[in-house]
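S.K.: My questions all concern the structure below.
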Amino acid sequence: MPGSFLDSKVLLYLASGEPAKADRATSLVADGGAVSVQVLNEIANVARRKMRLSWQETQVFLSLIRGLLSVEPLTVESHETGLALAERYGLSIFDAMIAASALLAGCDTLWSEDMQDDLVIDGRLRIANPFRAPR
C-alpha cells in the first residue's frame, strides 16, 4: 500500500515554535502514514537533549505519534537494506535506515527536510521536502 513515511525532524516541528512548519507537519500526520523505531529514537533523543522535555513529556509526545502513525520495526532486513542504500545513494547510515524502513513499509513518499529533495530511491520511493515552496 503506497503511502507516506515521515522523518523525525518533520515530526519534531509538531512541538516547535514555528507555526507554519508545525501546521504543515500536522497536516501530514492527519493524512496518515508511517514512521520507524529509528525515527522514534531520534525524536526521543532530540526531545530530551535539545528540547529539554521531561521523561514524562517525551513519553507523551512519542505515544501521540505512535497513536497516529503506524510504526515499522527495526529488523535485520531493514538494517541490511539500509546499509545497501547508504552505499548506493551516499546517504548517512541513519537516513539510509529510515529510507529502508519506508521502502519495506511499501511507502512511495518519504517526507524529509534534511535528505536530498526529489531523490528517487529504488525507482519507488521519492524523498520530498514538505516545507519547500511549490514549483
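Residue numbers start at 1 in each chain; chains themselves are named A, B, ... in the order of the C-alpha cells; ligands are numbered from 1 in the order shown.
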I want to know what sits within 8 Å of Ala102 in chain A, based on only C-alpha atoms, with residues of the same chain fewer than 2 positions away left out; could you give that as a list in words?
M.R.: Phe5, Ala34, Val35, Ser36, Ile98, Ala99, Ala100, Leu104, Ala105, Gly106, Cys107, Asp108, Leu110 and Leu125 of chain A
S.K.: Could you give me, as a PyMOL selection string, the residues within 12 Å of range 70-79 of chain A, counting only C-alpha atoms and dropping anything in the same chain fewer than 3 positions from it?
M.R.: chain A and resi 3-6+29+32-41+62-67+82-86+93-107
S.K.: Write a file of the just-selected residues containing C-alpha atoms, as a JSON list (two decimals), in the first residue's frame.
M.R.:
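Now in selection-v4.json:
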[["chain", "number", "residue", "atom", "x", "y", "z"],
["A", 3, "GLY", "CA", 1.78, 5.98, 1.40],
["A", 4, "SER", "CA", 3.80, 8.48, 3.34],
["A", 5, "PHE", "CA", 6.71, 7.96, 5.68],
["A", 6, "LEU", "CA", 7.74, 10.81, 7.99],
["A", 29, "VAL", "CA", 0.24, 13.46, 10.22],
["A", 32, "GLY", "CA", -1.67, 9.23, 7.94],
["A", 33, "GLY", "CA", 1.49, 7.36, 7.26],
["A", 34, "ALA", "CA", 4.30, 5.52, 8.92],
["A", 35, "VAL", "CA", 7.45, 6.01, 10.96],
["A", 36, "SER", "CA", 10.14, 3.62, 12.11],
["A", 37, "VAL", "CA", 11.52, 2.83, 15.51],
["A", 38, "GLN", "CA", 14.63, 4.70, 14.27],
["A", 39, "VAL", "CA", 12.50, 7.85, 13.87],
["A", 40, "LEU", "CA", 11.02, 7.41, 17.35],
["A", 41, "ASN", "CA", 14.53, 7.01, 18.82],
["A", 62, "LEU", "CA", 6.06, 9.60, 21.48],
["A", 63, "SER", "CA", 2.74, 8.00, 22.46],
["A", 64, "LEU", "CA", 0.90, 10.62, 20.43],
["A", 65, "ILE", "CA", 2.99, 9.86, 17.36],
["A", 66, "ARG", "CA", 2.63, 6.08, 17.82],
["A", 67, "GLY", "CA", -1.13, 6.53, 18.13],
["A", 82, "GLY", "CA", 19.78, 0.48, 4.90],
["A", 83, "LEU", "CA", 23.46, -0.41, 4.52],
["A", 84, "ALA", "CA", 22.94, -1.07, 0.80],
["A", 85, "LEU", "CA", 21.10, 2.24, 0.38],
["A", 86, "ALA", "CA", 23.83, 4.15, 2.22],
["A", 93, "ILE", "CA", 23.62, 5.48, 7.90],
["A", 94, "PHE", "CA", 20.76, 6.96, 9.92],
["A", 95, "ASP", "CA", 19.00, 8.41, 6.86],
["A", 96, "ALA", "CA", 19.51, 5.15, 4.98],
["A", 97, "MET", "CA", 17.88, 3.17, 7.80],
["A", 98, "ILE", "CA", 14.86, 5.46, 7.63],
["A", 99, "ALA", "CA", 14.67, 5.11, 3.84],
["A", 100, "ALA", "CA", 14.98, 1.33, 4.18],
["A", 101, "SER", "CA", 12.06, 1.22, 6.61],
["A", 102, "ALA", "CA", 10.00, 3.38, 4.24],
["A", 103, "LEU", "CA", 10.74, 1.02, 1.35],
["A", 104, "LEU", "CA", 9.93, -2.07, 3.41],
["A", 105, "ALA", "CA", 6.66, -0.45, 4.55],
["A", 106, "GLY", "CA", 5.68, -0.01, 0.88],
["A", 107, "CYS", "CA", 5.66, 3.79, 1.08]]
S.K.: Tell me which of A:Arg88, A:Phe61, A:Leu14, A:Lys21 sits closest to Glu113 in chain A, counting only C-alpha atoms.
M.R.: A:Lys21
S.K.: Give me every strand (DSSP E) residue in chain A, going by DSSP on the backbone, as a ChimeraX atom specification.
M.R.: /A:4-6,34-36,70-72,109-111,120-121,125-128
S.K.: Using N, CA and C atoms, can you export the residues from the last selection as a short mmCIF file (atom, residue, chain, number, x, y, z; two decimals), in the first residue's frame?
M.R.:
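The new file out_37.cif reads:
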data_model
loop_
_atom_site.label_atom_id
_atom_site.label_comp_id
_atom_site.auth_asym_id
_atom_site.auth_seq_id
_atom_site.Cartn_x
_atom_site.Cartn_y
_atom_site.Cartn_z
N SER A 4 2.79 7.54 2.87
CA SER A 4 3.80 8.48 3.34
C SER A 4 4.57 7.92 4.52
N PHE A 5 5.83 8.29 4.56
CA PHE A 5 6.71 7.96 5.68
C PHE A 5 7.28 9.27 6.15
N LEU A 6 7.30 9.51 7.46
CA LEU A 6 7.74 10.81 7.99
C LEU A 6 9.06 10.69 8.74
N ALA A 34 3.50 6.42 8.10
CA ALA A 34 4.30 5.52 8.92
C ALA A 34 5.58 6.21 9.39
N VAL A 35 6.14 5.64 10.44
CA VAL A 35 7.45 6.01 10.96
C VAL A 35 8.15 4.71 11.32
N SER A 36 9.42 4.80 11.64
CA SER A 36 10.14 3.62 12.11
C SER A 36 10.54 3.81 13.56
N SER A 70 1.52 4.46 11.82
CA SER A 70 1.98 3.08 12.02
C SER A 70 3.48 3.10 12.24
N VAL A 71 3.96 2.14 13.01
CA VAL A 71 5.38 2.08 13.36
C VAL A 71 5.99 0.83 12.76
N GLU A 72 7.03 1.04 11.98
CA GLU A 72 7.76 -0.07 11.36
C GLU A 72 8.91 -0.47 12.28
N THR A 109 6.42 7.91 -0.66
CA THR A 109 6.95 9.24 -0.34
C THR A 109 7.58 9.23 1.04
N LEU A 110 8.78 9.77 1.13
CA LEU A 110 9.47 9.95 2.40
C LEU A 110 9.60 11.45 2.62
N TRP A 111 8.83 11.97 3.57
CA TRP A 111 8.85 13.40 3.87
C TRP A 111 10.05 13.69 4.76
N VAL A 120 14.89 9.81 -5.96
CA VAL A 120 14.04 8.62 -6.04
C VAL A 120 14.92 7.41 -5.73
N ILE A 121 14.52 6.67 -4.73
CA ILE A 121 15.29 5.50 -4.28
C ILE A 121 14.63 4.23 -4.80
N LEU A 125 10.59 5.13 -4.20
CA LEU A 125 10.43 5.96 -3.01
C LEU A 125 11.03 7.33 -3.30
N ARG A 126 10.16 8.35 -3.30
CA ARG A 126 10.63 9.72 -3.57
C ARG A 126 10.76 10.48 -2.27
N ILE A 127 11.92 11.10 -2.09
CA ILE A 127 12.13 11.95 -0.93
C ILE A 127 11.59 13.33 -1.29
N ALA A 128 10.78 13.88 -0.40
CA ALA A 128 10.17 15.18 -0.65
C ALA A 128 10.28 16.06 0.58
#
S.K.: Find the residues near Tyr13 in chain A: any atom within 9 Å, counting only C-alpha atoms, skip ones fewer than 2 places away on the same chain, and give them as a PDB file with C-alpha atoms, in the first residue's frame.
M.R.:
ATOM      1  CA  SER A   8      11.985  12.670  12.677  1.00  0.00           C
ATOM      2  CA  LYS A   9      12.683  16.352  12.022  1.00  0.00           C
ATOM      3  CA  VAL A  10       9.314  16.794  10.295  1.00  0.00           C
ATOM      4  CA  LEU A  11       7.563  15.353  13.356  1.00  0.00           C
ATOM      5  CA  ALA A  15       6.286  20.659  19.137  1.00  0.00           C
ATOM      6  CA  SER A  16       8.203  23.606  17.737  1.00  0.00           C
ATOM      7  CA  GLY A  17       7.669  27.317  17.963  1.00  0.00           C
ATOM      8  CA  GLU A  18       7.479  27.577  14.169  1.00  0.00           C
ATOM      9  CA  PRO A  19       3.751  27.798  13.356  1.00  0.00           C
ATOM     10  CA  LYS A  21       6.122  24.242   9.837  1.00  0.00           C
ATOM     11  CA  ALA A  22       4.049  22.913  12.733  1.00  0.00           C
ATOM     12  CA  ASP A  23       0.879  23.353  10.651  1.00  0.00           C
ATOM     13  CA  ARG A  24       2.430  21.525   7.687  1.00  0.00           C
ATOM     14  CA  ALA A  25       3.622  18.687   9.926  1.00  0.00           C
ATOM     15  CA  THR A  26       0.151  18.462  11.479  1.00  0.00           C
TER      16      THR A  26
END
S.K.: How many Å separate CA of Leu91 in chain A from CA of Leu12 in chain A?
M.R.: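 So the answer is 20.9 Å.
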S.K.: When DSSP is applied to the backbone of this structure, which of chain A are assigned alpha helix (DSSP H)? Write them out as an MDAnalysis selection string.
M.R.: chainID A and resid 8:12 19:30 37:49 55:68 76:89 93:104
S.K.: Could you tell me how far CA of Ser27 in chain A sits from CA of Asp117 in chain A, in Å to one decimal place?
M.R.: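 About the pair CA of Asp117 in chain A and CA of Ser27 in chain A: they are 19.1 Å apart.
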